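Chemist: The structure's right below; bear with me while I get my questions together.
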Amino acid sequence: MWTSFGHLIFGVHKTRGGSEPRFPRFTDTVTAVPGWEKSERVALARALEPEAGDSGWLIMPPGAVSGVPPEQFPVFELLRRRSELLSAMALPGGWVVEFEEDEILGYGKPG
């Protein structure tokens with residue numbers, strides 16, 4: 001189920017289904033598949049139960065297939081690299097969000 005951006009309100013409110021927002025620490029890591037920084041469109045998926053020190057977020061450009069390993073960096077680096085993605089960081093585990101440039105196209109919990 002996809003929901004419009006207006007209902008997200010930057011992840012601060014209680015989400016549908018009773019899920020509480022889960023804010024990562026700025027020092028938690030993010031994993032990103034090569035090509036994410038240059039792609040206009042990206043998808044972010046959050047692990048259900050991330051390990052300590054990991055935000056649980058994976059950033060992927062469309063059709064990402066690469067023999068190059070993904071990079072890991074702290075959440076705070078998004079401030080200078082693609083700050084628009086920070087607006088989705090409080091979504092709970094198991095959620096997916098899709099961006100085109102700085103606009104959220106949709107978000108939801110698959111399944």
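Residues are referred to by chain and number: the chain letter is A, B, ... according to the order shown in the structure tokens, the number counts from 1 in that chain, and ligands are numbered separately from 1 in the order shown.
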Could you list, as a VMD selection string, every residue within 8 Å of region 79-89 of chain A, counting only C-alpha atoms and ignoring same-chain residues fewer than 5 positions away?
Modeler: chain A and resid 10 to 11 22 to 24 37 57 97 99 102 to 103
Chemist: Determine the nearest neighbour of Ala47 (chain A) from the options A:Thr31, A:Val75, A:Leu105, A:Ala64, counting only C-alpha atoms.
Modeler: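 Looking only at the distances to Ala47 (chain A), the closest residue turns out to be A:Thr31.
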Chemist: Could you tell me which of A:Ala52, A:Ile104, A:Leu91, A:Met60 comes closest to Lys38 (chain A) if we count only C-alpha atoms?
Modeler: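 Result for the nearest residue to Lys38 (chain A): A:Met60.
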Chemist: Of the candidates A:Leu48, A:Leu78, A:Ala43, A:Ala90, which one gets nearest to Thr29 (chain A) if we count only C-alpha atoms?
Modeler: A:Leu78
Chemist: Quick one: DSSP helix (DSSP H, G or I) residues in chain A, as a list of chain:residue names?
Modeler: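 Of chain A, only A:Phe5, A:Gly6, A:His7, A:Leu8, A:Ile9, A:Phe10, A:Gly11, A:Arg16, A:Gly17, A:Gly18, A:Val75, A:Phe76, A:Glu77, A:Leu78, A:Leu79, A:Arg80, A:Arg81, A:Ser83, A:Glu84, A:Leu85, A:Leu86, A:Ser87, A:Ala88 fall in helix (DSSP H, G or I).
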Chemist: Can you tell me, as JSON, numbers by chain, what residues are no more than 9 Å from Pro62 (chain A) when counting only C-alpha atoms, ignoring any on the same chain fewer than 4 positions away?
Modeler: {"A": [36, 39, 41, 42, 43]}
Chemist: Hey, what's within 10 Å of Val65 (chain A) if we count only C-alpha atoms and toss same-chain stuff fewer than 6 positions away? As an NGL selection string, please?
Modeler: :A and (33-35)
Chemist: Can you write out the residues you just picked, keeping C-alpha atoms, as a compact mmCIF listing (two decimals), in the first residue's frame?
Modeler:
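Contents of out28.txt, freshly written:
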```txt
# COMPACT_ATOMS: atom_id res chain seq x y z
CA VAL A 33 24.36 0.41 -3.67
CA PRO A 34 26.75 2.04 -6.18
CA GLY A 35 25.04 4.57 -8.43
```
Chemist: If we count only C-alpha atoms, what is near Arg46 (chain A) at a cut-off of 6 Å, once residues fewer than 5 positions away on the same chain are taken out, given as a ChimeraX atom specification?
Modeler: /A:56-57,93-95
Chemist: Can you check which residues of chain A DSSP gives as strand (DSSP E or B) on the backbone and send them as a PDB file with N, CA and C atoms, in the first residue's frame?
Modeler:
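Wrote result.pdb, looks like this:
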```
ATOM      1  N   THR A  29      24.903   3.587  10.730  1.00  0.00           N
ATOM      2  CA  THR A  29      25.314   3.459   9.338  1.00  0.00           C
ATOM      3  C   THR A  29      24.131   3.251   8.399  1.00  0.00           C
ATOM      4  N   VAL A  30      24.352   3.667   7.153  1.00  0.00           N
ATOM      5  CA  VAL A  30      23.440   3.467   6.028  1.00  0.00           C
ATOM      6  C   VAL A  30      24.235   2.659   5.010  1.00  0.00           C
ATOM      7  N   THR A  31      23.586   1.754   4.297  1.00  0.00           N
ATOM      8  CA  THR A  31      24.232   0.996   3.228  1.00  0.00           C
ATOM      9  C   THR A  31      23.659   1.482   1.909  1.00  0.00           C
ATOM     10  N   ALA A  32      24.535   1.732   0.928  1.00  0.00           N
ATOM     11  CA  ALA A  32      24.076   2.258  -0.364  1.00  0.00           C
ATOM     12  C   ALA A  32      24.726   1.498  -1.510  1.00  0.00           C
ATOM     13  N   ARG A  41      16.204   8.736  -9.370  1.00  0.00           N
ATOM     14  CA  ARG A  41      15.221   7.927  -8.654  1.00  0.00           C
ATOM     15  C   ARG A  41      15.939   6.897  -7.786  1.00  0.00           C
ATOM     16  N   VAL A  42      15.545   6.802  -6.522  1.00  0.00           N
ATOM     17  CA  VAL A  42      16.114   5.801  -5.615  1.00  0.00           C
ATOM     18  C   VAL A  42      15.017   5.220  -4.744  1.00  0.00           C
ATOM     19  N   ALA A  43      15.254   4.008  -4.297  1.00  0.00           N
ATOM     20  CA  ALA A  43      14.370   3.363  -3.328  1.00  0.00           C
ATOM     21  C   ALA A  43      15.168   3.123  -2.059  1.00  0.00           C
ATOM     22  N   LEU A  44      14.506   3.270  -0.927  1.00  0.00           N
ATOM     23  CA  LEU A  44      15.111   2.996   0.371  1.00  0.00           C
ATOM     24  C   LEU A  44      14.283   1.913   1.037  1.00  0.00           C
ATOM     25  N   ALA A  45      14.941   0.925   1.602  1.00  0.00           N
ATOM     26  CA  ALA A  45      14.265  -0.156   2.311  1.00  0.00           C
ATOM     27  C   ALA A  45      14.916  -0.300   3.681  1.00  0.00           C
ATOM     28  N   ARG A  46      14.090  -0.469   4.710  1.00  0.00           N
ATOM     29  CA  ARG A  46      14.620  -0.582   6.080  1.00  0.00           C
ATOM     30  C   ARG A  46      14.440  -2.001   6.605  1.00  0.00           C
ATOM     31  N   ASP A  54      23.573   0.228  13.263  1.00  0.00           N
ATOM     32  CA  ASP A  54      23.120   0.213  11.866  1.00  0.00           C
ATOM     33  C   ASP A  54      21.709   0.784  11.827  1.00  0.00           C
ATOM     34  N   SER A  55      21.461   1.737  10.931  1.00  0.00           N
ATOM     35  CA  SER A  55      20.122   2.317  10.813  1.00  0.00           C
ATOM     36  C   SER A  55      19.131   1.326  10.214  1.00  0.00           C
ATOM     37  N   GLY A  56      19.647   0.332   9.491  1.00  0.00           N
ATOM     38  CA  GLY A  56      18.782  -0.626   8.813  1.00  0.00           C
ATOM     39  C   GLY A  56      18.406  -0.195   7.410  1.00  0.00           C
ATOM     40  N   TRP A  57      18.834   1.001   6.986  1.00  0.00           N
ATOM     41  CA  TRP A  57      18.460   1.525   5.675  1.00  0.00           C
ATOM     42  C   TRP A  57      19.417   1.078   4.581  1.00  0.00           C
ATOM     43  N   LEU A  58      18.824   0.658   3.455  1.00  0.00           N
ATOM     44  CA  LEU A  58      19.542   0.330   2.234  1.00  0.00           C
ATOM     45  C   LEU A  58      19.021   1.264   1.157  1.00  0.00           C
ATOM     46  N   ILE A  59      19.922   1.955   0.466  1.00  0.00           N
ATOM     47  CA  ILE A  59      19.557   2.877  -0.612  1.00  0.00           C
ATOM     48  C   ILE A  59      19.965   2.239  -1.929  1.00  0.00           C
ATOM     49  N   MET A  60      19.008   2.192  -2.902  1.00  0.00           N
ATOM     50  CA  MET A  60      19.262   1.521  -4.175  1.00  0.00           C
ATOM     51  C   MET A  60      18.739   2.347  -5.343  1.00  0.00           C
ATOM     52  N   GLU A  71      28.518   0.640  -0.366  1.00  0.00           N
ATOM     53  CA  GLU A  71      29.272   1.444   0.594  1.00  0.00           C
ATOM     54  C   GLU A  71      28.447   1.633   1.860  1.00  0.00           C
ATOM     55  N   GLN A  72      29.132   1.835   2.963  1.00  0.00           N
ATOM     56  CA  GLN A  72      28.474   2.126   4.238  1.00  0.00           C
ATOM     57  C   GLN A  72      29.042   3.429   4.772  1.00  0.00           C
ATOM     58  N   PHE A  73      28.160   4.251   5.315  1.00  0.00           N
ATOM     59  CA  PHE A  73      28.563   5.542   5.850  1.00  0.00           C
ATOM     60  C   PHE A  73      27.559   5.964   6.907  1.00  0.00           C
ATOM     61  N   PRO A  74      27.916   6.911   7.792  1.00  0.00           N
ATOM     62  CA  PRO A  74      26.991   7.357   8.828  1.00  0.00           C
ATOM     63  C   PRO A  74      25.828   8.169   8.256  1.00  0.00           C
ATOM     64  N   VAL A  96       9.398   0.655   2.958  1.00  0.00           N
ATOM     65  CA  VAL A  96      10.090   1.033   1.731  1.00  0.00           C
ATOM     66  C   VAL A  96       9.578   2.401   1.315  1.00  0.00           C
ATOM     67  N   VAL A  97      10.471   3.247   0.798  1.00  0.00           N
ATOM     68  CA  VAL A  97      10.086   4.566   0.301  1.00  0.00           C
ATOM     69  C   VAL A  97      10.825   4.818  -1.005  1.00  0.00           C
ATOM     70  N   GLU A  98      10.153   5.487  -1.939  1.00  0.00           N
ATOM     71  CA  GLU A  98      10.756   5.772  -3.233  1.00  0.00           C
ATOM     72  C   GLU A  98      10.785   7.271  -3.472  1.00  0.00           C
ATOM     73  N   PHE A  99      11.939   7.760  -3.916  1.00  0.00           N
ATOM     74  CA  PHE A  99      12.142   9.173  -4.218  1.00  0.00           C
ATOM     75  C   PHE A  99      12.435   9.362  -5.697  1.00  0.00           C
ATOM     76  N   GLU A 100      11.993  10.488  -6.233  1.00  0.00           N
ATOM     77  CA  GLU A 100      12.489  10.982  -7.512  1.00  0.00           C
ATOM     78  C   GLU A 100      13.001  12.375  -7.230  1.00  0.00           C
ATOM     79  N   GLU A 103      11.551  14.490  -4.209  1.00  0.00           N
ATOM     80  CA  GLU A 103      10.124  14.243  -3.959  1.00  0.00           C
ATOM     81  C   GLU A 103       9.861  12.779  -3.632  1.00  0.00           C
ATOM     82  N   ILE A 104       9.078  12.543  -2.582  1.00  0.00           N
ATOM     83  CA  ILE A 104       8.678  11.188  -2.254  1.00  0.00           C
ATOM     84  C   ILE A 104       7.543  10.782  -3.196  1.00  0.00           C
ATOM     85  N   LEU A 105       7.783   9.697  -3.932  1.00  0.00           N
ATOM     86  CA  LEU A 105       6.763   9.193  -4.848  1.00  0.00           C
ATOM     87  C   LEU A 105       5.745   8.321  -4.115  1.00  0.00           C
ATOM     88  N   GLY A 106       6.218   7.599  -3.117  1.00  0.00           N
ATOM     89  CA  GLY A 106       5.335   6.737  -2.344  1.00  0.00           C
ATOM     90  C   GLY A 106       6.098   6.000  -1.279  1.00  0.00           C
ATOM     91  N   TYR A 107       5.370   5.445  -0.335  1.00  0.00           N
ATOM     92  CA  TYR A 107       5.988   4.650   0.714  1.00  0.00           C
ATOM     93  C   TYR A 107       4.978   3.647   1.222  1.00  0.00           C
ATOM     94  N   GLY A 108       5.444   2.604   1.839  1.00  0.00           N
ATOM     95  CA  GLY A 108       4.551   1.594   2.385  1.00  0.00           C
ATOM     96  C   GLY A 108       5.318   0.434   2.959  1.00  0.00           C
TER      97      GLY A 108
END
```
Chemist: Give me, please, the distance in Å between CA of Asp28 (chain A) and CA of Pro50 (chain A), quoted to one decimal.
Modeler: 10.2 Å
Chemist: In Å, rounded to a single decimal, give me how far CA of Phe26 (chain A) is from CA of Pro61 (chain A).
Modeler: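 Interatomic distance, CA of Pro61 (chain A) to CA of Phe26 (chain A): 22.4 Å.
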Chemist: Rounded to one decimal, what separation in Å do you get between CA of Glu77 (chain A) and CA of Gly53 (chain A)?
Modeler: 14.8 Å
